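Below is one structure, written out as structure tokens, with a few remarks after it.
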Amino acid sequence: MQVKAESIDRKLILHLRGELDHHAARQIMQHIARELEYALPLETELDFSGVTFMDSSGIAVALHTMQQMKQLGGKMRIGYPSAQVKIVFTAAGLQQLIELEEGHEK
């Protein structure tokens, strides 16, 4: 699992690539926490377009990031989830808590 960060005008975009399972989740959450601490964004997008597989650990990553953004006084959204990722998020009802940006990657 890889994370590439892009920060523009207090907006942080985190591009996730690979498989997000329980083995990768802790490391990803730590990486995201460091990026948030460094950028102090007002808005964060987790770009899931490059995630090829995700289990419920991805939900934990999204909720953890959302909580961190609330502490910063900012907002968060999930960008461009693949079909498999969208199924996991929708089954969990996550779209009621976090905005899901659908369509093709920018």
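Labels used: A, B, ... for chains in the order of the structure tokens, numbers from 1 for residues in each chain, and numbers from 1 for ligands as shown.
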- Using DSSP on the backbone coordinates, identify the residues of chain A assigned to helix (DSSP H, G or I); present them as a PyMOL selection string. chain A and resi 22-39+57-72+83-92+94-96
Expected file contents, prior selection, N, CA and C atoms, as a compact mmCIF listing (two decimals), in the first residue's frame:
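Written output follows (again.txt):
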```
# COMPACT_ATOMS: atom_id res chain seq x y z
N HIS A 22 -6.08 -5.25 6.83
CA HIS A 22 -5.66 -5.02 8.21
C HIS A 22 -4.15 -4.96 8.36
N HIS A 23 -3.40 -5.57 7.46
CA HIS A 23 -1.94 -5.53 7.53
C HIS A 23 -1.42 -4.12 7.21
N ALA A 24 -2.09 -3.43 6.32
CA ALA A 24 -1.63 -2.11 5.88
C ALA A 24 -2.27 -0.96 6.64
N ALA A 25 -3.41 -1.19 7.27
CA ALA A 25 -4.21 -0.10 7.84
C ALA A 25 -3.47 0.71 8.90
N ARG A 26 -2.81 0.07 9.82
CA ARG A 26 -2.12 0.80 10.89
C ARG A 26 -1.04 1.71 10.32
N GLN A 27 -0.26 1.18 9.41
CA GLN A 27 0.81 1.97 8.78
C GLN A 27 0.22 3.15 8.01
N ILE A 28 -0.88 2.93 7.30
CA ILE A 28 -1.53 3.99 6.52
C ILE A 28 -2.06 5.07 7.46
N MET A 29 -2.68 4.67 8.56
CA MET A 29 -3.21 5.66 9.50
C MET A 29 -2.08 6.50 10.10
N GLN A 30 -0.96 5.89 10.40
CA GLN A 30 0.19 6.64 10.92
C GLN A 30 0.73 7.61 9.87
N HIS A 31 0.81 7.14 8.63
CA HIS A 31 1.28 7.99 7.53
C HIS A 31 0.35 9.19 7.34
N ILE A 32 -0.94 8.93 7.33
CA ILE A 32 -1.93 10.00 7.16
C ILE A 32 -1.83 11.00 8.32
N ALA A 33 -1.68 10.50 9.54
CA ALA A 33 -1.56 11.39 10.70
C ALA A 33 -0.35 12.33 10.55
N ARG A 34 0.77 11.80 10.06
CA ARG A 34 1.95 12.64 9.85
C ARG A 34 1.69 13.70 8.78
N GLU A 35 1.03 13.31 7.70
CA GLU A 35 0.71 14.25 6.62
C GLU A 35 -0.22 15.35 7.12
N LEU A 36 -1.21 14.99 7.93
CA LEU A 36 -2.15 15.98 8.47
C LEU A 36 -1.42 16.94 9.41
N GLU A 37 -0.55 16.40 10.23
CA GLU A 37 0.21 17.23 11.16
C GLU A 37 1.12 18.21 10.42
N TYR A 38 1.69 17.76 9.33
CA TYR A 38 2.59 18.60 8.54
C TYR A 38 1.82 19.68 7.77
N ALA A 39 0.73 19.29 7.10
CA ALA A 39 0.00 20.21 6.22
C ALA A 39 -1.02 21.08 6.95
N SER A 57 -11.01 -2.68 7.08
CA SER A 57 -9.94 -1.83 7.60
C SER A 57 -9.93 -0.47 6.92
N GLY A 58 -10.38 -0.41 5.69
CA GLY A 58 -10.47 0.86 4.98
C GLY A 58 -11.48 1.79 5.62
N ILE A 59 -12.54 1.22 6.19
CA ILE A 59 -13.53 2.02 6.90
C ILE A 59 -12.87 2.67 8.11
N ALA A 60 -12.05 1.89 8.82
CA ALA A 60 -11.34 2.43 9.99
C ALA A 60 -10.41 3.57 9.58
N VAL A 61 -9.73 3.41 8.46
CA VAL A 61 -8.82 4.46 7.97
C VAL A 61 -9.62 5.74 7.69
N ALA A 62 -10.75 5.60 7.01
CA ALA A 62 -11.57 6.76 6.67
C ALA A 62 -12.12 7.44 7.92
N LEU A 63 -12.64 6.66 8.86
CA LEU A 63 -13.20 7.24 10.08
C LEU A 63 -12.12 7.88 10.95
N HIS A 64 -10.97 7.27 11.01
CA HIS A 64 -9.85 7.84 11.78
C HIS A 64 -9.43 9.18 11.18
N THR A 65 -9.36 9.24 9.86
CA THR A 65 -8.99 10.49 9.18
C THR A 65 -10.06 11.56 9.40
N MET A 66 -11.32 11.16 9.33
CA MET A 66 -12.42 12.10 9.55
C MET A 66 -12.33 12.69 10.96
N GLN A 67 -12.04 11.85 11.95
CA GLN A 67 -11.93 12.33 13.32
C GLN A 67 -10.77 13.31 13.47
N GLN A 68 -9.65 13.02 12.84
CA GLN A 68 -8.51 13.93 12.90
C GLN A 68 -8.84 15.26 12.25
N MET A 69 -9.56 15.22 11.13
CA MET A 69 -9.95 16.47 10.46
C MET A 69 -10.92 17.28 11.32
N LYS A 70 -11.81 16.62 12.03
CA LYS A 70 -12.71 17.34 12.94
C LYS A 70 -11.91 18.05 14.02
N GLN A 71 -10.87 17.41 14.53
CA GLN A 71 -10.04 18.02 15.56
C GLN A 71 -9.30 19.24 15.00
N LEU A 72 -8.99 19.22 13.71
CA LEU A 72 -8.33 20.35 13.06
C LEU A 72 -9.33 21.43 12.63
N ALA A 83 -15.05 0.41 -7.74
CA ALA A 83 -16.33 -0.29 -7.53
C ALA A 83 -16.30 -1.13 -6.25
N GLN A 84 -15.22 -1.86 -6.02
CA GLN A 84 -15.12 -2.72 -4.84
C GLN A 84 -15.09 -1.90 -3.57
N VAL A 85 -14.35 -0.80 -3.58
CA VAL A 85 -14.26 0.08 -2.41
C VAL A 85 -15.63 0.71 -2.13
N LYS A 86 -16.30 1.13 -3.16
CA LYS A 86 -17.63 1.75 -2.99
C LYS A 86 -18.61 0.77 -2.36
N ILE A 87 -18.54 -0.50 -2.74
CA ILE A 87 -19.42 -1.52 -2.15
C ILE A 87 -19.18 -1.61 -0.64
N VAL A 88 -17.92 -1.64 -0.23
CA VAL A 88 -17.59 -1.73 1.20
C VAL A 88 -18.10 -0.50 1.94
N PHE A 89 -17.83 0.69 1.41
CA PHE A 89 -18.27 1.91 2.07
C PHE A 89 -19.80 2.00 2.14
N THR A 90 -20.47 1.65 1.05
CA THR A 90 -21.92 1.73 1.00
C THR A 90 -22.56 0.72 1.96
N ALA A 91 -22.02 -0.49 2.01
CA ALA A 91 -22.54 -1.51 2.92
C ALA A 91 -22.44 -1.06 4.37
N ALA A 92 -21.42 -0.28 4.68
CA ALA A 92 -21.23 0.22 6.04
C ALA A 92 -22.01 1.51 6.31
N LEU A 94 -21.20 4.43 5.18
CA LEU A 94 -20.23 5.50 5.38
C LEU A 94 -20.59 6.77 4.61
N GLN A 95 -21.31 6.62 3.50
CA GLN A 95 -21.67 7.79 2.70
C GLN A 95 -22.58 8.74 3.45
N GLN A 96 -23.14 8.29 4.58
CA GLN A 96 -23.97 9.17 5.39
C GLN A 96 -23.13 10.03 6.34
```
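Here atom CA of Lys11 of chain A is placed at a distance of 13.2 Å from atom CA of Ile78 of chain A.
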- Query: Could you state the separation of atom CA of Met1 of chain A and atom CA of Glu99 of chain A in Å, given to one decimal place?
  - Reply: 22.9 Å
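Between atom CA of Glu43 of chain A and atom CA of Pro81 of chain A the separation is 17.8 Å.
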- Query: Counting only C-alpha atoms, what is within 7 Å of Lys4 of chain A, bar same-chain residues fewer than 4 positions away, as an MDAnalysis selection string?
  - Reply: chainID A and resid 14:16
- Query: Using the chain letters and numbers from this document, which residues of chain A does DSSP assign to strand (DSSP E or B), as a PyMOL selection string?
  - Reply: chain A and resi 2-8+11-20+43-54+75-79+99-101
Would you output that residue set with N, CA and C atoms, as a short mmCIF file (atom, residue, chain, number, x, y, z; two decimals), in the first residue's frame?
```
data_model
loop_
_atom_site.label_atom_id
_atom_site.label_comp_id
_atom_site.auth_asym_id
_atom_site.auth_seq_id
_atom_site.Cartn_x
_atom_site.Cartn_y
_atom_site.Cartn_z
N GLN A 2 0.57 2.16 -0.88
CA GLN A 2 1.33 3.40 -0.98
C GLN A 2 0.40 4.59 -0.80
N VAL A 3 0.95 5.67 -0.26
CA VAL A 3 0.23 6.93 -0.11
C VAL A 3 1.10 8.04 -0.67
N LYS A 4 0.53 8.80 -1.59
CA LYS A 4 1.22 9.96 -2.14
C LYS A 4 0.42 11.19 -1.74
N ALA A 5 1.09 12.16 -1.12
CA ALA A 5 0.41 13.36 -0.64
C ALA A 5 0.63 14.52 -1.60
N GLU A 6 -0.42 15.31 -1.76
CA GLU A 6 -0.39 16.51 -2.60
C GLU A 6 -1.12 17.61 -1.82
N SER A 7 -0.44 18.70 -1.54
CA SER A 7 -1.02 19.77 -0.75
C SER A 7 -1.05 21.06 -1.56
N ILE A 8 -2.27 21.65 -1.66
CA ILE A 8 -2.46 22.89 -2.40
C ILE A 8 -3.40 23.78 -1.59
N LYS A 11 -5.41 22.43 1.19
CA LYS A 11 -6.18 21.25 0.82
C LYS A 11 -5.18 20.12 0.61
N LEU A 12 -5.41 19.02 1.29
CA LEU A 12 -4.51 17.87 1.21
C LEU A 12 -5.22 16.74 0.48
N ILE A 13 -4.59 16.24 -0.56
CA ILE A 13 -5.11 15.08 -1.28
C ILE A 13 -4.14 13.93 -1.04
N LEU A 14 -4.68 12.84 -0.53
CA LEU A 14 -3.88 11.65 -0.27
C LEU A 14 -4.30 10.57 -1.24
N HIS A 15 -3.42 10.26 -2.18
CA HIS A 15 -3.68 9.25 -3.21
C HIS A 15 -3.26 7.88 -2.67
N LEU A 16 -4.22 7.00 -2.47
CA LEU A 16 -3.96 5.67 -1.94
C LEU A 16 -3.85 4.69 -3.12
N ARG A 17 -2.84 3.80 -3.06
CA ARG A 17 -2.61 2.84 -4.14
C ARG A 17 -2.32 1.46 -3.55
N GLY A 18 -2.97 0.45 -4.10
CA GLY A 18 -2.70 -0.92 -3.68
C GLY A 18 -3.84 -1.53 -2.88
N GLU A 19 -3.50 -2.52 -2.06
CA GLU A 19 -4.48 -3.25 -1.27
C GLU A 19 -4.51 -2.71 0.16
N LEU A 20 -5.70 -2.37 0.62
CA LEU A 20 -5.87 -1.83 1.97
C LEU A 20 -6.58 -2.87 2.82
N GLU A 43 -9.13 21.05 4.42
CA GLU A 43 -9.89 20.05 3.67
C GLU A 43 -8.94 18.92 3.27
N THR A 44 -9.41 17.70 3.42
CA THR A 44 -8.62 16.53 3.03
C THR A 44 -9.47 15.61 2.17
N GLU A 45 -8.86 15.10 1.13
CA GLU A 45 -9.51 14.11 0.27
C GLU A 45 -8.68 12.84 0.30
N LEU A 46 -9.32 11.73 0.61
CA LEU A 46 -8.69 10.42 0.48
C LEU A 46 -9.08 9.89 -0.89
N ASP A 47 -8.14 9.87 -1.81
CA ASP A 47 -8.38 9.42 -3.17
C ASP A 47 -8.21 7.90 -3.22
N PHE A 48 -9.32 7.19 -3.33
CA PHE A 48 -9.33 5.73 -3.33
C PHE A 48 -9.33 5.14 -4.74
N SER A 49 -9.09 5.94 -5.76
CA SER A 49 -9.17 5.43 -7.13
C SER A 49 -8.12 4.37 -7.42
N GLY A 50 -7.01 4.37 -6.70
CA GLY A 50 -5.96 3.39 -6.93
C GLY A 50 -6.00 2.20 -6.00
N VAL A 51 -7.04 2.10 -5.19
CA VAL A 51 -7.15 0.97 -4.26
C VAL A 51 -7.78 -0.21 -5.00
N THR A 52 -7.03 -1.29 -5.10
CA THR A 52 -7.48 -2.46 -5.86
C THR A 52 -8.27 -3.44 -5.02
N PHE A 53 -8.07 -3.41 -3.70
CA PHE A 53 -8.83 -4.26 -2.78
C PHE A 53 -8.89 -3.54 -1.44
N MET A 54 -10.04 -3.65 -0.78
CA MET A 54 -10.18 -3.07 0.55
C MET A 54 -11.15 -3.90 1.36
N LYS A 75 -12.70 19.59 7.07
CA LYS A 75 -13.63 18.58 6.56
C LYS A 75 -12.87 17.59 5.68
N MET A 76 -13.53 16.49 5.39
CA MET A 76 -12.91 15.41 4.64
C MET A 76 -13.89 14.79 3.68
N ARG A 77 -13.36 14.26 2.60
CA ARG A 77 -14.20 13.50 1.68
C ARG A 77 -13.38 12.35 1.10
N ILE A 78 -14.11 11.40 0.55
CA ILE A 78 -13.49 10.26 -0.11
C ILE A 78 -13.65 10.48 -1.60
N GLY A 79 -12.54 10.40 -2.32
CA GLY A 79 -12.56 10.67 -3.74
C GLY A 79 -12.43 9.43 -4.59
N GLU A 99 -18.62 12.52 2.70
CA GLU A 99 -18.96 12.73 1.29
C GLU A 99 -18.13 11.80 0.40
N LEU A 100 -18.81 11.13 -0.54
CA LEU A 100 -18.14 10.29 -1.52
C LEU A 100 -18.19 10.98 -2.87
N GLU A 101 -17.02 11.33 -3.39
CA GLU A 101 -16.90 11.94 -4.72
C GLU A 101 -16.76 10.81 -5.72
#
```
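Residue nearest Pro41 of chain A, chosen from A:Ile98, A:Ser56, A:Asp21, A:Gly74 and counting only C-alpha atoms: A:Gly74.
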